[in-house]
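Written below as structure tokens is the structure these notes are about.
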Amino acid sequence: QVQLVESGGGLVQAGGSLRLSCAASGRSFSSYPMGWFRQAPGKEREFVSAIRWNDNTYYLDSVKGRFTISRDNAENTVYLQMNNMKPEDTAVYYCAASQRAGPVTIWFLKRPQNYDYWGQGTQVTVSS
């Protein structure tokens, strides 16, 4: 059974940093894209970042230069380092994994429906 478990969320002041982790179990995702999404109250789930099998990375414009996605294939874990955080980053953050092998476009990576497995989410709150 595949499971994605996020950790690392919490409360941080504006300008601070958090590092989210997503540990996968049940299968290896080293050859597949993985992503981070977030959902604020009353809003739709939005793409934050993704990493492809070849370690190409993609970001939401508003987090470029502040967030960094990375993966440790030996640990089957994906990370999201969040720096210089802003109150508008407040949301529940979800890790997701796709079973689509091979090349995928950024448009594919941005759509939540293209991911097959999801974590339970971790709350991130940034105070002003």
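Order determines the names: the first chain of the structure tokens is A, the second B, and so forth; residues in each chain are numbered 1 upward, and ligands are numbered 1 upward as they are shown.
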Determine which residues of chain A receive a DSSP assignment of strand (DSSP E or B), computed from the backbone, and state them as an MDAnalysis selection string.
chainID A and resid 3:7 10:13 18:25 34:39 46:51 57:59 67:72 77:82 91:97 117:118 122:127
Close residues, A:Gln113 itself excluded, 12 Å, only C-alpha atoms, min 6 positions apart in chain, as a list in words
Gly35, Phe37, Arg45, Glu46, Phe47, Ala96, Ala97, Ser98, Gln99, Arg100 and Trp107 of chain A
List the spatial neighbours of stretch 84-88 of chain A as a ChimeraX atom specification - criterion: any atom at most 9 Å away, only C-alpha atoms, same-chain residues fewer than 3 positions off excluded.
/A:12-18,40,63,66-67,91,125-128
Can I get the selected residues back with all heavy atoms, as a compact mmCIF listing (two decimals), in the first residue's frame?
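Below you can see part.txt, which holds the result:
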```txt
# COMPACT_ATOMS: atom_id res chain seq x y z
N VAL A 12 5.18 29.96 11.86
CA VAL A 12 6.44 30.70 11.68
C VAL A 12 6.10 32.16 11.44
O VAL A 12 5.03 32.48 10.90
CB VAL A 12 7.25 30.10 10.51
CG1 VAL A 12 6.53 30.27 9.18
CG2 VAL A 12 8.65 30.69 10.46
N GLN A 13 7.00 33.04 11.84
CA GLN A 13 6.80 34.46 11.59
C GLN A 13 7.19 34.79 10.15
O GLN A 13 8.00 34.09 9.53
CB GLN A 13 7.65 35.28 12.55
CG GLN A 13 7.14 35.28 13.99
CD GLN A 13 7.88 36.29 14.87
OE1 GLN A 13 9.05 36.59 14.61
NE2 GLN A 13 7.22 36.77 15.90
N ALA A 14 6.63 35.85 9.64
CA ALA A 14 6.99 36.32 8.30
C ALA A 14 8.50 36.52 8.23
O ALA A 14 9.12 37.05 9.15
CB ALA A 14 6.26 37.61 7.98
N GLY A 15 9.07 36.06 7.11
CA GLY A 15 10.51 36.12 6.94
C GLY A 15 11.23 34.87 7.41
O GLY A 15 12.43 34.69 7.12
N GLY A 16 10.52 34.00 8.11
CA GLY A 16 11.12 32.79 8.63
C GLY A 16 11.14 31.65 7.61
O GLY A 16 10.76 31.83 6.45
N SER A 17 11.57 30.49 8.07
CA SER A 17 11.73 29.33 7.19
C SER A 17 11.11 28.08 7.81
O SER A 17 11.05 27.94 9.03
CB SER A 17 13.22 29.06 6.94
OG SER A 17 13.85 30.15 6.30
N LEU A 18 10.68 27.19 6.93
CA LEU A 18 10.25 25.85 7.31
C LEU A 18 10.72 24.89 6.24
O LEU A 18 10.88 25.27 5.08
CB LEU A 18 8.72 25.76 7.42
CG LEU A 18 8.03 26.35 8.64
CD1 LEU A 18 6.52 26.25 8.47
CD2 LEU A 18 8.47 25.66 9.91
N ALA A 40 -5.55 27.00 0.81
CA ALA A 40 -5.93 27.93 1.86
C ALA A 40 -7.44 27.87 2.06
O ALA A 40 -8.17 27.46 1.15
CB ALA A 40 -5.49 29.34 1.49
N VAL A 63 6.42 31.87 -5.48
CA VAL A 63 7.36 31.23 -4.54
C VAL A 63 8.75 31.08 -5.14
O VAL A 63 9.69 30.64 -4.44
CB VAL A 63 6.86 29.86 -4.05
CG1 VAL A 63 5.43 29.96 -3.51
CG2 VAL A 63 6.96 28.79 -5.12
N ARG A 66 12.19 31.68 -3.36
CA ARG A 66 12.01 31.50 -1.91
C ARG A 66 11.88 30.04 -1.52
O ARG A 66 12.34 29.64 -0.45
CB ARG A 66 10.74 32.25 -1.45
CG ARG A 66 10.77 33.73 -1.71
CD ARG A 66 9.58 34.44 -1.04
NE ARG A 66 8.29 34.01 -1.55
CZ ARG A 66 7.35 33.45 -0.80
NH1 ARG A 66 7.55 33.24 0.49
NH2 ARG A 66 6.19 33.09 -1.34
N PHE A 67 11.26 29.24 -2.38
CA PHE A 67 11.05 27.81 -2.10
C PHE A 67 11.98 26.98 -2.98
O PHE A 67 12.26 27.34 -4.12
CB PHE A 67 9.61 27.41 -2.40
CG PHE A 67 8.58 27.97 -1.45
CD1 PHE A 67 8.89 28.96 -0.54
CD2 PHE A 67 7.29 27.48 -1.48
CE1 PHE A 67 7.93 29.47 0.33
CE2 PHE A 67 6.31 27.97 -0.63
CZ PHE A 67 6.64 28.97 0.28
N ALA A 91 -1.39 27.93 4.50
CA ALA A 91 -2.26 26.95 3.84
C ALA A 91 -1.95 25.57 4.41
O ALA A 91 -0.97 25.39 5.15
CB ALA A 91 -2.02 26.95 2.33
N THR A 125 1.39 27.92 8.88
CA THR A 125 0.82 29.21 9.21
C THR A 125 1.94 30.23 9.36
O THR A 125 2.90 30.00 10.12
CB THR A 125 0.01 29.15 10.52
OG1 THR A 125 -1.01 28.15 10.39
CG2 THR A 125 -0.64 30.49 10.83
N VAL A 126 1.83 31.32 8.62
CA VAL A 126 2.83 32.38 8.67
C VAL A 126 2.18 33.62 9.27
O VAL A 126 1.22 34.16 8.71
CB VAL A 126 3.39 32.70 7.27
CG1 VAL A 126 4.52 33.72 7.37
CG2 VAL A 126 3.88 31.42 6.59
N SER A 127 2.70 34.06 10.40
CA SER A 127 2.13 35.23 11.07
C SER A 127 2.86 36.50 10.62
O SER A 127 4.05 36.47 10.32
CB SER A 127 2.25 35.07 12.59
OG SER A 127 3.60 35.00 12.97
N SER A 128 2.10 37.57 10.60
CA SER A 128 2.69 38.85 10.15
C SER A 128 3.29 39.63 11.30
O SER A 128 3.14 39.29 12.45
CB SER A 128 1.62 39.69 9.45
OG SER A 128 0.54 39.90 10.32
```
Which residues in chain A does DSSP call alpha helix (DSSP H)? List them as an NGL selection string.
:A and (106-110)
Same residues, N, CA, C and O atoms, output as an mmCIF file, in the first residue's frame:
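Final file, selection-v2.cif:
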```cif
data_model
loop_
_atom_site.group_PDB
_atom_site.id
_atom_site.type_symbol
_atom_site.label_atom_id
_atom_site.label_comp_id
_atom_site.auth_asym_id
_atom_site.auth_seq_id
_atom_site.Cartn_x
_atom_site.Cartn_y
_atom_site.Cartn_z
ATOM 1 N N ILE A 106 5.055 20.903 -17.995
ATOM 2 C CA ILE A 106 4.735 21.677 -16.804
ATOM 3 C C ILE A 106 3.224 21.756 -16.622
ATOM 4 O O ILE A 106 2.712 21.766 -15.496
ATOM 5 N N TRP A 107 2.501 21.745 -17.698
ATOM 6 C CA TRP A 107 1.037 21.789 -17.600
ATOM 7 C C TRP A 107 0.505 20.528 -16.956
ATOM 8 O O TRP A 107 -0.471 20.567 -16.200
ATOM 9 N N PHE A 108 1.117 19.420 -17.243
ATOM 10 C CA PHE A 108 0.748 18.170 -16.603
ATOM 11 C C PHE A 108 1.035 18.255 -15.101
ATOM 12 O O PHE A 108 0.208 17.875 -14.272
ATOM 13 N N LEU A 109 2.190 18.778 -14.757
ATOM 14 C CA LEU A 109 2.612 18.811 -13.360
ATOM 15 C C LEU A 109 1.748 19.745 -12.517
ATOM 16 O O LEU A 109 1.620 19.551 -11.313
ATOM 17 N N LYS A 110 1.176 20.753 -13.142
ATOM 18 C CA LYS A 110 0.409 21.752 -12.396
ATOM 19 C C LYS A 110 -1.003 21.301 -12.048
ATOM 20 O O LYS A 110 -1.660 21.910 -11.225
#
```
Can you list, as number ranges by chain, every protein, DNA or RNA residue that comes within 12 Å of A:Arg71 when you count only C-alpha atoms, leaving out same-chain residues fewer than 2 positions away?
A: 20-24, 28-36, 50-57, 68-69, 73-81
Save out the residues we just selected, N, CA, C and O atoms, as a short mmCIF file (atom, residue, chain, number, x, y, z; two decimals), in the first residue's frame.
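Written output follows (result_16.cif):
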```
data_model
loop_
_atom_site.label_atom_id
_atom_site.label_comp_id
_atom_site.auth_asym_id
_atom_site.auth_seq_id
_atom_site.Cartn_x
_atom_site.Cartn_y
_atom_site.Cartn_z
N LEU A 20 9.48 21.26 4.73
CA LEU A 20 8.52 20.17 4.69
C LEU A 20 9.18 18.91 4.12
O LEU A 20 10.00 19.00 3.21
N SER A 21 8.79 17.78 4.67
CA SER A 21 9.26 16.50 4.17
C SER A 21 8.06 15.65 3.76
O SER A 21 6.99 15.75 4.36
N CYS A 22 8.26 14.81 2.76
CA CYS A 22 7.22 13.88 2.32
C CYS A 22 7.89 12.53 2.13
O CYS A 22 8.65 12.34 1.17
N ALA A 23 7.61 11.63 3.04
CA ALA A 23 8.20 10.29 2.99
C ALA A 23 7.22 9.34 2.31
O ALA A 23 6.07 9.21 2.75
N ALA A 24 7.69 8.68 1.27
CA ALA A 24 6.86 7.73 0.54
C ALA A 24 7.19 6.31 0.96
O ALA A 24 8.35 5.99 1.22
N SER A 28 8.79 2.83 -4.86
CA SER A 28 9.75 3.89 -5.12
C SER A 28 9.18 4.87 -6.14
O SER A 28 8.58 4.45 -7.14
N PHE A 29 9.40 6.17 -5.89
CA PHE A 29 8.97 7.19 -6.84
C PHE A 29 10.15 7.89 -7.49
O PHE A 29 10.00 8.98 -8.04
N SER A 30 11.31 7.27 -7.45
CA SER A 30 12.50 7.92 -7.98
C SER A 30 12.40 8.20 -9.48
O SER A 30 13.04 9.10 -9.99
N SER A 31 11.60 7.44 -10.19
CA SER A 31 11.47 7.62 -11.64
C SER A 31 10.23 8.39 -12.03
O SER A 31 9.89 8.46 -13.22
N TYR A 32 9.53 8.96 -11.07
CA TYR A 32 8.24 9.59 -11.33
C TYR A 32 8.22 11.02 -10.77
O TYR A 32 8.94 11.33 -9.83
N PRO A 33 7.35 11.85 -11.34
CA PRO A 33 7.25 13.21 -10.82
C PRO A 33 6.54 13.26 -9.47
O PRO A 33 5.61 12.47 -9.21
N MET A 34 6.99 14.18 -8.65
CA MET A 34 6.33 14.43 -7.36
C MET A 34 6.14 15.93 -7.21
O MET A 34 6.91 16.73 -7.76
N GLY A 35 5.11 16.30 -6.47
CA GLY A 35 4.79 17.70 -6.36
C GLY A 35 4.31 18.10 -4.99
O GLY A 35 3.99 17.24 -4.15
N TRP A 36 4.27 19.40 -4.80
CA TRP A 36 3.67 20.00 -3.61
C TRP A 36 2.55 20.94 -4.04
O TRP A 36 2.73 21.73 -4.97
N ALA A 50 7.08 21.22 -8.28
CA ALA A 50 7.18 19.83 -8.70
C ALA A 50 8.61 19.52 -9.12
O ALA A 50 9.37 20.42 -9.50
N ILE A 51 8.92 18.24 -9.04
CA ILE A 51 10.25 17.78 -9.46
C ILE A 51 10.07 16.56 -10.32
O ILE A 51 9.33 15.62 -9.98
N ARG A 52 10.71 16.56 -11.47
CA ARG A 52 10.61 15.44 -12.39
C ARG A 52 11.65 14.38 -12.06
O ARG A 52 12.53 14.58 -11.24
N TRP A 53 11.57 13.26 -12.81
CA TRP A 53 12.48 12.14 -12.57
C TRP A 53 13.93 12.55 -12.79
O TRP A 53 14.85 12.01 -12.16
N ASN A 54 14.15 13.54 -13.66
CA ASN A 54 15.51 13.97 -13.97
C ASN A 54 15.93 15.17 -13.11
O ASN A 54 16.93 15.83 -13.41
N ASP A 55 15.15 15.46 -12.06
CA ASP A 55 15.42 16.54 -11.11
C ASP A 55 15.17 17.93 -11.67
O ASP A 55 15.55 18.92 -11.03
N ASN A 56 14.55 18.03 -12.84
CA ASN A 56 14.06 19.34 -13.27
C ASN A 56 12.98 19.79 -12.29
O ASN A 56 12.16 18.99 -11.85
N THR A 57 13.02 21.08 -11.97
CA THR A 57 12.08 21.59 -10.97
C THR A 57 11.24 22.73 -11.53
O THR A 57 11.67 23.44 -12.45
N THR A 68 12.41 25.84 -2.43
CA THR A 68 13.24 24.91 -3.18
C THR A 68 12.75 23.49 -2.94
O THR A 68 12.64 23.05 -1.80
N ILE A 69 12.47 22.79 -4.04
CA ILE A 69 12.06 21.39 -3.95
C ILE A 69 13.27 20.52 -4.24
O ILE A 69 14.11 20.86 -5.08
N ASN A 73 16.32 10.10 -3.36
CA ASN A 73 15.78 8.83 -3.85
C ASN A 73 16.12 7.66 -2.94
O ASN A 73 15.35 6.71 -2.83
N ALA A 74 17.27 7.73 -2.29
CA ALA A 74 17.65 6.65 -1.39
C ALA A 74 16.68 6.56 -0.21
O ALA A 74 16.40 5.47 0.30
N GLU A 75 16.16 7.74 0.20
CA GLU A 75 15.21 7.78 1.31
C GLU A 75 13.76 7.80 0.82
O GLU A 75 12.84 7.80 1.64
N ASN A 76 13.57 7.86 -0.50
CA ASN A 76 12.22 7.93 -1.07
C ASN A 76 11.44 9.10 -0.47
O ASN A 76 10.27 8.97 -0.11
N THR A 77 12.13 10.24 -0.39
CA THR A 77 11.58 11.42 0.29
C THR A 77 11.75 12.65 -0.58
O THR A 77 12.78 12.80 -1.25
N VAL A 78 10.75 13.51 -0.56
CA VAL A 78 10.79 14.79 -1.24
C VAL A 78 10.70 15.89 -0.18
O VAL A 78 9.97 15.75 0.80
N TYR A 79 11.43 16.96 -0.43
CA TYR A 79 11.47 18.07 0.52
C TYR A 79 11.00 19.36 -0.14
O TYR A 79 11.11 19.53 -1.36
N LEU A 80 10.51 20.26 0.68
CA LEU A 80 10.20 21.62 0.22
C LEU A 80 10.77 22.58 1.25
O LEU A 80 10.24 22.69 2.37
N GLN A 81 11.88 23.22 0.90
CA GLN A 81 12.48 24.22 1.77
C GLN A 81 11.83 25.56 1.46
O GLN A 81 11.84 26.01 0.31
#
```
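With only C-alpha atoms as the basis for measurement, A:Thr90 is the residue among A:Gln120, A:Asn83, A:Asn114, A:Thr90 that approaches A:Gly10 most closely.
Between A:Gln3 and the residues A:Val48, A:Leu60, A:Val104, A:Cys95, the shortest atom-to-atom distance, using only C-alpha atoms, involves A:Cys95.
Distances from A:Lys64, A:Gln1, A:Gly9, A:Arg19 to A:Met82 were compared using only C-alpha atoms, and the smallest one belongs to A:Arg19.
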For a test of reading the model, state the distance in Å between atom CA of A:Gly119 and atom CA of A:Asp61, rounded to one decimal.
23.3 Å
